[in-house]
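Take a look at the structure below.
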Amino acid sequence: SIMAGQNKLLGSLAFNGLFLVIVCINLSVLAGLFYYPKELGIYVVFPYYTYTKVFSRAELDAHGSRWSSFSKNFAIFRIMREYLQLGFLRPLPEKLVDSEKASDAQFLFAFFPHGIACEYRILIDGMLHEVFPNVGEKIKALSASILFNIPLVREMALWTGCVDASRPVAESVIEKGYSVLVLPGGEAEQIRTIYRKERIYLKNRKGFIKLAMR
């Protein structure tokens with residue numbers, strides 16, 4: 001129908017447009033440094049990286065810097081969820097439902113496959129509280145360190161519950177009672193992405209199992 005086609009078009013534009021805007025802003029700043037190195041360096045780049053690398057290292061803190069209302073209600077995220085028809089298979093296993101109700105419930109969730117940009121990980125953060133009402137807000141996603149060096153990508157990651165994927169941070173997350181969401185395949189699985197095929201890469205990827213056993 002015309003309405004379905006319009007919704008699909010809107011979803012596609014939202015899905016690709018958000019990341020295109022982020023890429024364009026970063027490329028504009030990089031290009032601008034060649035023409036206005038002093039102005040951009042002093043008033044934009046230096047303050048940003050001074051703040052993010054000296055005064056605010058939320059990605060290294062087990063508590064992170066989640067902005068729940070952003071994950072749940074950001075209009076583009078809502079459109080993208082509808083476009084991709086994201087959801088969780090129901091009903092959940094009874095044992096999982098019962099375990100999740102415990103006051104000290106703690107889990108390690110492994111997601112596959114990684115995909116090219118792992119957009120779905122960002123989108124489901126705003127859905128976790130519906131599926132896991134007790135631990136949903138206490139799930140921390142482990143993300144590649146490089147993401148926290150890219151403006152706007154860093155903020156997007158932090159606001160949607162990410163922390164650095166280094167071992168010390170991951171162990172700290174567990175020790176402080178949070179649950180963990182990890183994509184074990186990482187970059188190796190990412191570069192093996194094939195359209196309409198789900199490929200999982202687990203060779204030499206045993207760290208998440210050791211983490212779950214702690």
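Residues in the structure tokens are numbered from 1 in each chain, the chains being A, B, ... in the order shown, and ligands are numbered from 1 in the order shown.
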field: All residues 6 Å or closer to region 157-165 of chain A, only C-alpha atoms, same chain fewer than 4 positions away omitted, as a list in words
entry: Glu59, Leu60, Gly64, Ser65, Arg66, Trp67, Ser71, Asp125, Lys140, Ala141, Leu142, Ser143, Ala144 and Ser145 of chain A
message: With only C-alpha atoms as the counted atoms, please give the residues lying no more than 10 Å from Arg199 (chain A), apart from itself and same-chain residues fewer than 2 positions off, as number ranges by chain.
response: A: 112-115, 185, 189-190, 192-194, 196-197, 201-202
message: Taking only chain A into account, list the residues labelled strand (DSSP E or B) by DSSP (computed from the backbone), as a PyMOL selection string.
response: chain A and resi 108-110+139-143+162-164+179-182+194+197
Selected residues written out, N, CA and C atoms, as an mmCIF file, in the first residue's frame:
```
data_model
loop_
_atom_site.group_PDB
_atom_site.id
_atom_site.type_symbol
_atom_site.label_atom_id
_atom_site.label_comp_id
_atom_site.auth_asym_id
_atom_site.auth_seq_id
_atom_site.Cartn_x
_atom_site.Cartn_y
_atom_site.Cartn_z
ATOM 1 N N LEU A 108 24.738 -12.354 31.649
ATOM 2 C CA LEU A 108 25.610 -11.966 30.550
ATOM 3 C C LEU A 108 24.906 -12.388 29.266
ATOM 4 N N PHE A 109 24.564 -11.409 28.438
ATOM 5 C CA PHE A 109 23.869 -11.659 27.181
ATOM 6 C C PHE A 109 24.870 -11.578 26.026
ATOM 7 N N ALA A 110 24.925 -12.622 25.207
ATOM 8 C CA ALA A 110 25.793 -12.631 24.030
ATOM 9 C C ALA A 110 24.916 -12.498 22.789
ATOM 10 N N ILE A 139 21.754 -3.137 32.458
ATOM 11 C CA ILE A 139 22.542 -3.891 31.482
ATOM 12 C C ILE A 139 23.533 -2.950 30.810
ATOM 13 N N LYS A 140 24.808 -3.296 30.861
ATOM 14 C CA LYS A 140 25.856 -2.494 30.244
ATOM 15 C C LYS A 140 26.400 -3.230 29.014
ATOM 16 N N ALA A 141 26.436 -2.535 27.891
ATOM 17 C CA ALA A 141 26.944 -3.122 26.651
ATOM 18 C C ALA A 141 28.430 -2.802 26.499
ATOM 19 N N LEU A 142 29.230 -3.813 26.213
ATOM 20 C CA LEU A 142 30.664 -3.613 26.028
ATOM 21 C C LEU A 142 30.927 -3.196 24.581
ATOM 22 N N SER A 143 31.593 -2.061 24.413
ATOM 23 C CA SER A 143 31.834 -1.510 23.072
ATOM 24 C C SER A 143 33.315 -1.239 22.846
ATOM 25 N N CYS A 162 26.496 1.969 26.834
ATOM 26 C CA CYS A 162 27.780 1.330 26.540
ATOM 27 C C CYS A 162 28.876 1.750 27.510
ATOM 28 N N VAL A 163 29.806 0.838 27.721
ATOM 29 C CA VAL A 163 31.047 1.120 28.432
ATOM 30 C C VAL A 163 32.175 0.467 27.643
ATOM 31 N N ASP A 164 33.399 0.815 27.980
ATOM 32 C CA ASP A 164 34.556 0.283 27.262
ATOM 33 C C ASP A 164 34.631 -1.237 27.411
ATOM 34 N N SER A 179 24.471 -6.299 34.813
ATOM 35 C CA SER A 179 24.476 -7.346 33.790
ATOM 36 C C SER A 179 25.259 -6.832 32.591
ATOM 37 N N VAL A 180 25.698 -7.750 31.750
ATOM 38 C CA VAL A 180 26.562 -7.389 30.623
ATOM 39 C C VAL A 180 25.962 -7.868 29.309
ATOM 40 N N LEU A 181 26.058 -7.023 28.301
ATOM 41 C CA LEU A 181 25.675 -7.383 26.946
ATOM 42 C C LEU A 181 26.926 -7.300 26.087
ATOM 43 N N VAL A 182 27.255 -8.373 25.412
ATOM 44 C CA VAL A 182 28.490 -8.403 24.634
ATOM 45 C C VAL A 182 28.234 -9.008 23.259
ATOM 46 N N ILE A 194 27.808 -10.461 5.461
ATOM 47 C CA ILE A 194 27.305 -10.669 4.108
ATOM 48 C C ILE A 194 25.807 -10.376 4.109
ATOM 49 N N LYS A 197 22.777 -12.762 5.150
ATOM 50 C CA LYS A 197 23.326 -13.983 5.737
ATOM 51 C C LYS A 197 23.814 -13.676 7.151
#
```
I need the residues in region 83-120 of chain A that are alpha helix (DSSP H) according to DSSP; give them as a compact mmCIF listing (two decimals) with N, CA, C and O atoms, in the first residue's frame.
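Final output, saved to out_16.txt:
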```txt
# COMPACT_ATOMS: atom_id res chain seq x y z
N TYR A 83 10.64 0.32 11.49
CA TYR A 83 11.08 -0.02 10.15
C TYR A 83 11.73 -1.41 10.12
O TYR A 83 11.46 -2.22 9.23
N LEU A 84 12.57 -1.70 11.11
CA LEU A 84 13.27 -2.98 11.18
C LEU A 84 12.44 -4.08 11.83
O LEU A 84 12.84 -5.24 11.86
N GLU A 94 10.84 -19.75 30.80
CA GLU A 94 10.31 -19.57 32.15
C GLU A 94 11.41 -19.41 33.18
O GLU A 94 11.29 -18.61 34.11
N LYS A 95 12.49 -20.16 33.03
CA LYS A 95 13.60 -20.07 33.98
C LYS A 95 14.23 -18.69 33.96
O LYS A 95 14.61 -18.15 35.00
N LEU A 96 14.34 -18.12 32.75
CA LEU A 96 14.90 -16.78 32.63
C LEU A 96 13.99 -15.75 33.28
O LEU A 96 14.47 -14.85 33.99
N VAL A 97 12.70 -15.86 33.07
CA VAL A 97 11.74 -14.93 33.65
C VAL A 97 11.80 -14.98 35.17
O VAL A 97 11.82 -13.93 35.85
N ASP A 98 11.84 -16.18 35.73
CA ASP A 98 11.89 -16.33 37.18
C ASP A 98 13.20 -15.79 37.75
O ASP A 98 13.21 -15.13 38.79
N SER A 99 14.31 -16.06 37.06
CA SER A 99 15.62 -15.59 37.55
C SER A 99 15.72 -14.08 37.50
O SER A 99 16.32 -13.46 38.37
N GLU A 100 15.09 -13.49 36.49
CA GLU A 100 15.16 -12.03 36.32
C GLU A 100 14.45 -11.28 37.44
O GLU A 100 14.78 -10.13 37.72
N GLU A 119 23.76 -1.39 14.45
CA GLU A 119 22.74 -0.41 14.80
C GLU A 119 21.67 -1.01 15.72
O GLU A 119 21.13 -0.32 16.58
N TYR A 120 21.39 -2.29 15.53
CA TYR A 120 20.32 -2.89 16.32
C TYR A 120 20.64 -2.87 17.82
O TYR A 120 19.75 -2.80 18.65
```
- request: Quote the spacing between CA of Arg78 (chain A) and CA of Tyr178 (chain A) in Å to one decimal place.
  value: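 These atoms are spaced 25.8 Å apart.
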query: Between CA of Pro168 (chain A) and CA of Lys72 (chain A), what is the spacing in Å?
result: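 Distance between the two atoms: 28.8 Å.
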message: Considering only C-alpha atoms, can you say which of A:Leu183, A:Val173, A:Ala117, A:Ala105 comes closest to Asp61 (chain A)?
response: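 The closest residue to Asp61 (chain A) is A:Val173.
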